[in-house]
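Structure, as structure tokens:
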Protein chains: 2
Amino acid sequence: MATLGDVAALAGVSISAVSRVLSNDASARVSPATRERITDAAKSLNYRPNFAGRALRFSRSNVIALIVPDLTNAVFAELMRGVEEGALERGYVVLLARAEDMQPGGEMIDRLLGEGRVDGVLLQVGDHVAQEALDSMLEAPNPTVLVNSVHPGFSGSVTLDDVAAGRLATEHLLGLGHTRIALINGLETTYTAQQRAVGYREALGRASAAAPERITWHGYEPRAGRMSLTELMGDAEPPTAVVVANINSAIGVLGEARVLGIRVPEELSVVAVHDAWTAENTWPPLTTVKMPLYELGRHGVDTLYARLHGEEIADTVVAEPAPELRVRESTAPPAA
Amino acid sequence: MATLGDVAALAGVSISAVSRVLSNDASARVSPATRERITDAAKSLNYRPNFAGRALRFSRSNVIALIVPDLTNAVFAELMRGVEEGALERGYVVLLARAEDMQPGGEMIDRLLGEGRVDGVLLQVGDHVAQEALDSMLEAPNPTVLVNSVHPGFSGSVTLDDVAAGRLATEHLLGLGHTRIALINGLETTYTAQQRAVGYREALGRASAAAPERITWHGYEPRAGRMSLTELMGDAEPPTAVVVANINSAIGVLGEARVLGIRVPEELSVVAVHDAWTAENTWPPLTTVKMPLYELGRHGVDTLYARLHGEEIADTVVAEPAPELRVRESTAPPAA
DNA sequence: ATGAAAGCGCTAACAC
DNA sequence: GTGTTAGCGCTTTCAT
């Protein structure tokens, strides 16, 4: 690892001259000759500016953290892409971390920030994080932006239009002729679940023949989907279609339907919110509502950037491009 | 962000005294009184050692990078856990990155190391990375350990017992009475695929009535699985069972089987190498060979640690715990 | 038992 | 146009 000193020695100039040239200081006046000697020397030594040196000098790391509940969730691939591209453009590097490591009461984020490893945090809070754990974490002027989540009293969330997503999915089923439509939702405590329920209700309310409401609130994991379906099928009048608020949960629903001997889509239509490669590889392939997660990531970075530069920021909803229905084969008109 | 100076000022002592106390310098002689004043001050200021300051001082970041082809692959969840726990024990922090960002010819790893952001790298090379791109990257004394992959002339790989995995999967099918067993494998250029083929052949060769060999080499993605199955079903004598070298590929196989109207397991048995939650949520649930990925991660960290401390390291195979068959519902005896 | 000072790599204000 | 220097936060040798 060559240092500025090494380059300077090789080029026969001072350290500061090297610094000026290599950091593209516009206001620097250096003769073309020395400039070339310097760049040549740097190249031959394969010089790279030392991260710690810069971070120390600037009291800034130029790193932001992206923390999500589960990195292996296929849905997050798009989010990550958006965040990474946005960060790149703004000269930041992204540090990926799992929220699991952020044990409630644990101090992962506190350390990341406190030790100066990262300048800011993009955080999607997991479903099972206690509100109190967040209270202290999000106190006061704090270089954090919440994605896909909100916290009471905290300003600086970027979310998706989950109301529209719930509405769109429900309308699709209504359009096919279903009237007994259930919502298999996330935990009642999560904002996204609440929003999707709002959209679901809106669509039901709007339907000419008002359809009854039926919601389960078990979470976004496959197991939650399984549990919900079992519960719904115990109803006196079970649904002929379900909106599932999450794709992983929908995969569970599909699995449980097989176990229960319910044919999809003949006896039960299934739409899921969020799209990912997994939706194309279930049987039947899942009809989904694709959400703009890439754009959410980019916008999250923009918002965090603004916050890091002292701007006041408000909560925003990324509604463009609008949620889009991806009709595959898990939805059909109800059986006659 | 309080510094040592802040703590020192508050405690009314020198910076070096604070440093000694807070870094638990065993050989430091400090009076209990000052020690307490110092720890109190540090606590009240919520002092955290600055990362850049330490890294600069030690010329060491205490960070290692884990780079995998696709973070959202459910199979990697276990690997990550192993790496993170191992790293934690050794006082390292893990930086997660996707190999996608490591464009061939791109210099992501070079930068990570060259800028001193990380001390070492655990790298699983993707299937589509050109050998030449790796040549320069793995040159000379290099703080890198390859996981689940090898490179000619490079010493320091930790791999799994993929031969055993291929053998075990094949033997399971032979035991059920199948004789026409195909292997839906990864790219022929990848080490893991080659190893799994060896195991497959071993098992076939050992079978009393030698079964014919049939292998496709299209890769580990769902699409590769789909393509392979279509190809195999075009054979004069199509297989009654397949070993699929990867779980995602197997998901594609299952999907394509539905499209082709082939019932699993009645008409076609499917075993996949690697296990993850997704295997429990396909239909039918996938029989798999579970590999010790957690242990691979831990061992990878150990190996990297040794390399970082100047030890000569050799290639190793993590064979404990041994690959284990997880029988679910995608395998059955062949139709009469 | 405690403090002063040097130096890790870097940048920028200030000489010359 | 180029060099000298101070200082970011930290540890450690050397004084006292």
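Letters A, B, ... mark the chains of the structure tokens in the order given; residue numbers begin at 1 per chain; ligand numbers begin at 1, in order shown.
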
Please identify all polymer residues within 8 Å of range 288-294 of chain B, counting only C-alpha atoms (C1' of nucleotides), omitting same-chain residues fewer than 4 positions from it, and present them as JSON, numbers by chain.
{"B": [76, 78, 79, 80, 81, 82, 83, 160, 165, 168, 169, 247, 271, 272, 273, 274, 275, 279, 298, 318, 319, 320, 321, 322, 323, 324, 325, 326, 327, 328]}

Do a neighbour search on Tyr200 in chain B at 8 Å with only C-alpha atoms (C1' of nucleotides), toss out local chain neighbours closer than 4 positions, and write the hits as a PyMOL selection string.
chain B and resi 163+166-167+169-170+183+196+204

Could those residues be written to a file, using C-alpha atoms, as a PDB file, in the first residue's frame?
ATOM      1  CA  VAL B 163     -18.286 -35.177  -4.236  1.00  0.00           C
ATOM      2  CA  GLY B 166     -23.355 -35.705  -5.528  1.00  0.00           C
ATOM      3  CA  ARG B 167     -22.858 -39.263  -4.397  1.00  0.00           C
ATOM      4  CA  ALA B 169     -28.086 -37.572  -3.791  1.00  0.00           C
ATOM      5  CA  THR B 170     -27.510 -40.171  -6.498  1.00  0.00           C
ATOM      6  CA  LEU B 183     -27.536 -34.830 -13.303  1.00  0.00           C
ATOM      7  CA  ARG B 196     -20.699 -33.015  -7.936  1.00  0.00           C
ATOM      8  CA  LEU B 204     -23.611 -44.745 -10.673  1.00  0.00           C
TER       9      LEU B 204
END

At most 8 Å to chain B: residues in chain C, only C-alpha atoms (C1' of nucleotides), as an NGL selection string:
:C and (1-3 or 8-9)

Store the residues of this selection in a file with N, CA and C atoms (P, O5', C5', C4', C3', O3' and C1' of nucleotides), as a short mmCIF file (atom, residue, chain, number, x, y, z; two decimals), in the first residue's frame.
data_model
loop_
_atom_site.label_atom_id
_atom_site.label_comp_id
_atom_site.auth_asym_id
_atom_site.auth_seq_id
_atom_site.Cartn_x
_atom_site.Cartn_y
_atom_site.Cartn_z
P DA C 1 1.07 2.70 41.01
"O5'" DA C 1 0.03 3.81 40.52
"C5'" DA C 1 -0.34 4.86 41.35
"C4'" DA C 1 -0.19 6.13 40.58
"C3'" DA C 1 -1.15 6.29 39.40
"O3'" DA C 1 -1.77 7.56 39.53
"C1'" DA C 1 1.08 6.73 38.71
P DT C 2 -2.88 8.07 38.60
"O5'" DT C 2 -2.01 8.87 37.56
"C5'" DT C 2 -1.65 10.22 37.85
"C4'" DT C 2 -0.79 10.73 36.74
"C3'" DT C 2 -1.51 11.01 35.42
"O3'" DT C 2 -1.69 12.40 35.36
"C1'" DT C 2 0.70 10.14 35.12
P DG C 3 -2.37 13.08 34.08
"O5'" DG C 3 -1.10 13.54 33.22
"C5'" DG C 3 -0.11 14.32 33.84
"C4'" DG C 3 0.99 14.64 32.86
"C3'" DG C 3 0.52 15.15 31.48
"O3'" DG C 3 1.40 16.18 31.07
"C1'" DG C 3 1.87 13.23 31.20
P DC C 8 4.92 7.77 10.35
"O5'" DC C 8 3.65 6.92 9.91
"C5'" DC C 8 3.38 5.62 10.42
"C4'" DC C 8 1.88 5.42 10.41
"C3'" DC C 8 1.20 6.04 9.19
"O3'" DC C 8 1.09 5.04 8.17
"C1'" DC C 8 0.01 6.53 11.25
P DG C 9 1.56 5.38 6.69
"O5'" DG C 9 0.38 6.31 6.16
"C5'" DG C 9 -0.90 5.75 5.93
"C4'" DG C 9 -1.82 6.82 5.39
"C3'" DG C 9 -1.29 7.55 4.16
"O3'" DG C 9 -2.33 7.59 3.19
"C1'" DG C 9 -1.87 9.11 5.83
#

From a backbone DSSP assignment, name each residue in range 249-284 of chain B labelled strand (DSSP E or B), as a list in words.
Ser269, Val270, Val271, Ala272 and Val273 of chain B

Please identify every residue of chain D that has at least one atom no more than 7 Å from any atom of chain A, counting only C-alpha atoms (C1' of nucleotides), and report them as a PyMOL selection string.
chain D and resi 1-3+8

Written selection (N, CA and C atoms (P, O5', C5', C4', C3', O3' and C1' of nucleotides)) as a PDB file, in the first residue's frame:
ATOM      1  P    DG D   1       2.027  28.355 -13.041  1.00  0.00           P
ATOM      2  O5'  DG D   1       2.996  27.465 -12.189  1.00  0.00           O
ATOM      3  C5'  DG D   1       3.721  26.391 -12.594  1.00  0.00           C
ATOM      4  C4'  DG D   1       4.677  26.144 -11.456  1.00  0.00           C
ATOM      5  C3'  DG D   1       4.391  24.816 -10.754  1.00  0.00           C
ATOM      6  O3'  DG D   1       5.633  24.123 -10.675  1.00  0.00           O
ATOM      7  C1'  DG D   1       4.497  26.568  -9.163  1.00  0.00           C
ATOM      8  P    DT D   2       5.715  22.674 -10.262  1.00  0.00           P
ATOM      9  O5'  DT D   2       5.993  22.798  -8.708  1.00  0.00           O
ATOM     10  C5'  DT D   2       7.274  23.279  -8.298  1.00  0.00           C
ATOM     11  C4'  DT D   2       7.293  23.433  -6.804  1.00  0.00           C
ATOM     12  C3'  DT D   2       6.954  22.160  -6.019  1.00  0.00           C
ATOM     13  O3'  DT D   2       8.145  21.731  -5.400  1.00  0.00           O
ATOM     14  C1'  DT D   2       6.001  24.124  -5.064  1.00  0.00           C
ATOM     15  P    DG D   3       8.196  20.522  -4.428  1.00  0.00           P
ATOM     16  O5'  DG D   3       8.220  21.277  -3.024  1.00  0.00           O
ATOM     17  C5'  DG D   3       9.275  22.199  -2.767  1.00  0.00           C
ATOM     18  C4'  DG D   3       9.126  22.781  -1.378  1.00  0.00           C
ATOM     19  C3'  DG D   3       9.019  21.739  -0.256  1.00  0.00           C
ATOM     20  O3'  DG D   3       9.806  22.188   0.844  1.00  0.00           O
ATOM     21  C1'  DG D   3       7.142  23.180  -0.187  1.00  0.00           C
ATOM     22  P    DC D   8      -7.066  18.628  15.905  1.00  0.00           P
ATOM     23  O5'  DC D   8      -8.058  17.526  15.345  1.00  0.00           O
ATOM     24  C5'  DC D   8      -9.014  17.786  14.336  1.00  0.00           C
ATOM     25  C4'  DC D   8      -9.223  16.528  13.534  1.00  0.00           C
ATOM     26  C3'  DC D   8      -9.245  15.275  14.407  1.00  0.00           C
ATOM     27  O3'  DC D   8     -10.596  14.962  14.752  1.00  0.00           O
ATOM     28  C1'  DC D   8      -7.904  14.980  12.412  1.00  0.00           C
TER      29       DC D   8
END

May I have the residues within 6 Å of Ala241 in chain A as a list in words, using only C-alpha atoms (C1' of nucleotides) and disregarding those fewer than 3 positions away in the same chain?
Ile181, Leu268, Ser269 and Val270 of chain A

Enumerate, in order of chain and increasing residue number, the residues of chain B with an atom no farther than 6 Å from chain A, each with its shortest atom pair and distance in Å to one decimal, counting only C-alpha atoms, as CSV.
residue,atom,partner,partner_atom,distance
B:Arg48,CA,A:Glu115,CA,5.5
B:Pro49,CA,A:Glu115,CA,5.8
B:Asn50,CA,A:Glu115,CA,4.6
B:Phe51,CA,A:Glu115,CA,5.1
B:Ala52,CA,A:Ala52,CA,4.6
B:Ala55,CA,A:Ala52,CA,5.9
B:Leu56,CA,A:Ala52,CA,5.4
B:Leu71,CA,A:Thr72,CA,5.9
B:Thr72,CA,A:Thr72,CA,3.6
B:Asn73,CA,A:Thr72,CA,5.7
B:Ala74,CA,A:Thr72,CA,5.3
B:Leu96,CA,A:Leu96,CA,5.6
B:Gly114,CA,A:Arg48,CA,5.8
B:Glu115,CA,A:Asn50,CA,4.6
B:Gly116,CA,A:Phe51,CA,5.8
B:Gly255,CA,A:Asn281,CA,5.7
B:Asn281,CA,A:Gly255,CA,5.7

Grab the residues selected above and save them as an mmCIF file, in the first residue's frame with N, CA and C atoms.
data_model
loop_
_atom_site.group_PDB
_atom_site.id
_atom_site.type_symbol
_atom_site.label_atom_id
_atom_site.label_comp_id
_atom_site.auth_asym_id
_atom_site.auth_seq_id
_atom_site.Cartn_x
_atom_site.Cartn_y
_atom_site.Cartn_z
ATOM 1 N N ARG B 48 -16.919 6.521 22.132
ATOM 2 C CA ARG B 48 -16.614 5.362 21.280
ATOM 3 C C ARG B 48 -15.294 5.632 20.591
ATOM 4 N N PRO B 49 -14.428 4.645 20.566
ATOM 5 C CA PRO B 49 -13.150 4.858 19.873
ATOM 6 C C PRO B 49 -13.392 5.100 18.404
ATOM 7 N N ASN B 50 -12.768 6.114 17.882
ATOM 8 C CA ASN B 50 -12.955 6.435 16.479
ATOM 9 C C ASN B 50 -12.282 5.405 15.573
ATOM 10 N N PHE B 51 -13.095 4.918 14.652
ATOM 11 C CA PHE B 51 -12.633 3.859 13.767
ATOM 12 C C PHE B 51 -11.436 4.287 12.929
ATOM 13 N N ALA B 52 -11.525 5.451 12.337
ATOM 14 C CA ALA B 52 -10.455 5.909 11.452
ATOM 15 C C ALA B 52 -9.163 6.126 12.234
ATOM 16 N N ALA B 55 -7.714 2.704 12.902
ATOM 17 C CA ALA B 55 -7.249 2.062 11.675
ATOM 18 C C ALA B 55 -5.949 2.708 11.209
ATOM 19 N N LEU B 56 -5.892 4.008 11.328
ATOM 20 C CA LEU B 56 -4.693 4.720 10.897
ATOM 21 C C LEU B 56 -3.509 4.328 11.775
ATOM 22 N N LEU B 71 -26.320 -11.982 -2.970
ATOM 23 C CA LEU B 71 -26.645 -11.954 -1.543
ATOM 24 C C LEU B 71 -28.022 -12.499 -1.235
ATOM 25 N N THR B 72 -28.919 -12.427 -2.195
ATOM 26 C CA THR B 72 -30.289 -12.816 -1.881
ATOM 27 C C THR B 72 -30.509 -14.320 -2.048
ATOM 28 N N ASN B 73 -29.464 -15.030 -2.429
ATOM 29 C CA ASN B 73 -29.592 -16.477 -2.498
ATOM 30 C C ASN B 73 -29.749 -17.029 -1.079
ATOM 31 N N ALA B 74 -30.875 -17.683 -0.841
ATOM 32 C CA ALA B 74 -31.194 -18.137 0.514
ATOM 33 C C ALA B 74 -30.114 -19.046 1.085
ATOM 34 N N LEU B 96 -20.306 -6.940 3.882
ATOM 35 C CA LEU B 96 -20.939 -7.786 2.872
ATOM 36 C C LEU B 96 -20.940 -7.097 1.519
ATOM 37 N N GLY B 114 -6.803 -2.064 -1.273
ATOM 38 C CA GLY B 114 -5.821 -1.011 -1.504
ATOM 39 C C GLY B 114 -6.077 0.234 -0.676
ATOM 40 N N GLU B 115 -7.320 0.545 -0.451
ATOM 41 C CA GLU B 115 -7.641 1.729 0.341
ATOM 42 C C GLU B 115 -7.625 1.423 1.835
ATOM 43 N N GLY B 116 -7.390 0.159 2.138
ATOM 44 C CA GLY B 116 -7.320 -0.223 3.536
ATOM 45 C C GLY B 116 -8.674 -0.303 4.213
ATOM 46 N N GLY B 255 -40.837 -26.055 -11.687
ATOM 47 C CA GLY B 255 -41.735 -25.223 -12.482
ATOM 48 C C GLY B 255 -41.897 -25.762 -13.886
ATOM 49 N N ASN B 281 -40.949 -24.949 0.829
ATOM 50 C CA ASN B 281 -42.114 -24.223 0.347
ATOM 51 C C ASN B 281 -42.368 -24.356 -1.147
#

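One distance worth recording is that between CA of Leu4 in chain B and CA of Lys43 in chain B, which is 11.9 Å.
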
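If you look at CA of Glu202 in chain B and CA of Leu174 in chain B, they are 12.0 Å away from each other.
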
To one decimal place, how far is CA of Ile64 in chain B from CA of Glu107 in chain B in Å?
16.6 Å

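Counting only C-alpha atoms (C1' of nucleotides), range 155-159 of chain B has the following residues at most 6 Å away, ignoring those fewer than 4 positions along the same chain: Val145, Leu146, Val147, Asn148, Val150, Ile313, Ala314, Asp315, Thr316 and Val317 of chain B.
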
Would you list, as a VMD selection string, the residues of range 106-330 of chain A that end up in alpha helix (DSSP H) under DSSP run on this structure's backbone?
chain A and resid 108 to 114 131 to 137 162 to 176 191 to 206 222 to 233 247 to 260 293 to 308

For Met137 in chain B, work out the shell of residues within 8 Å, counting only C-alpha atoms (C1' of nucleotides) and skipping chain neighbours fewer than 2 positions away, then give it as an MDAnalysis selection string.
chainID B and resid 109:110 133:135 139

Take the residues just selected and output them with N, CA and C atoms as a PDB file, in the first residue's frame.
ATOM      1  N   ILE B 109     -12.467  -5.280  -5.440  1.00  0.00           N
ATOM      2  CA  ILE B 109     -11.669  -5.912  -4.395  1.00  0.00           C
ATOM      3  C   ILE B 109     -10.346  -5.180  -4.217  1.00  0.00           C
ATOM      4  N   ASP B 110      -9.766  -4.838  -5.341  1.00  0.00           N
ATOM      5  CA  ASP B 110      -8.537  -4.077  -5.334  1.00  0.00           C
ATOM      6  C   ASP B 110      -8.676  -2.809  -4.504  1.00  0.00           C
ATOM      7  N   ALA B 133      -9.604 -12.574 -15.120  1.00  0.00           N
ATOM      8  CA  ALA B 133      -9.933 -11.512 -14.177  1.00  0.00           C
ATOM      9  C   ALA B 133      -9.429 -11.881 -12.781  1.00  0.00           C
ATOM     10  N   LEU B 134      -9.465 -13.177 -12.500  1.00  0.00           N
ATOM     11  CA  LEU B 134      -9.021 -13.630 -11.185  1.00  0.00           C
ATOM     12  C   LEU B 134      -7.504 -13.704 -11.083  1.00  0.00           C
ATOM     13  N   ASP B 135      -6.885 -14.004 -12.192  1.00  0.00           N
ATOM     14  CA  ASP B 135      -5.434 -14.159 -12.182  1.00  0.00           C
ATOM     15  C   ASP B 135      -4.737 -13.010 -11.474  1.00  0.00           C
ATOM     16  N   GLU B 139      -3.069 -12.702  -7.401  1.00  0.00           N
ATOM     17  CA  GLU B 139      -1.622 -12.765  -7.512  1.00  0.00           C
ATOM     18  C   GLU B 139      -0.926 -12.704  -6.166  1.00  0.00           C
TER      19      GLU B 139
END

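Considering the residues A:Ile215, A:Ser27, A:Glu295, A:Ser44 and counting only C-alpha atoms (C1' of nucleotides), DA12 in chain C has its shortest atom-to-atom contact with A:Ser27.
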
Go through A:Ala42, A:Ala26, A:Met108, A:Leu138 and flag the residue nearest Ala11 in chain A, using only C-alpha atoms for the distances.
A:Ala42
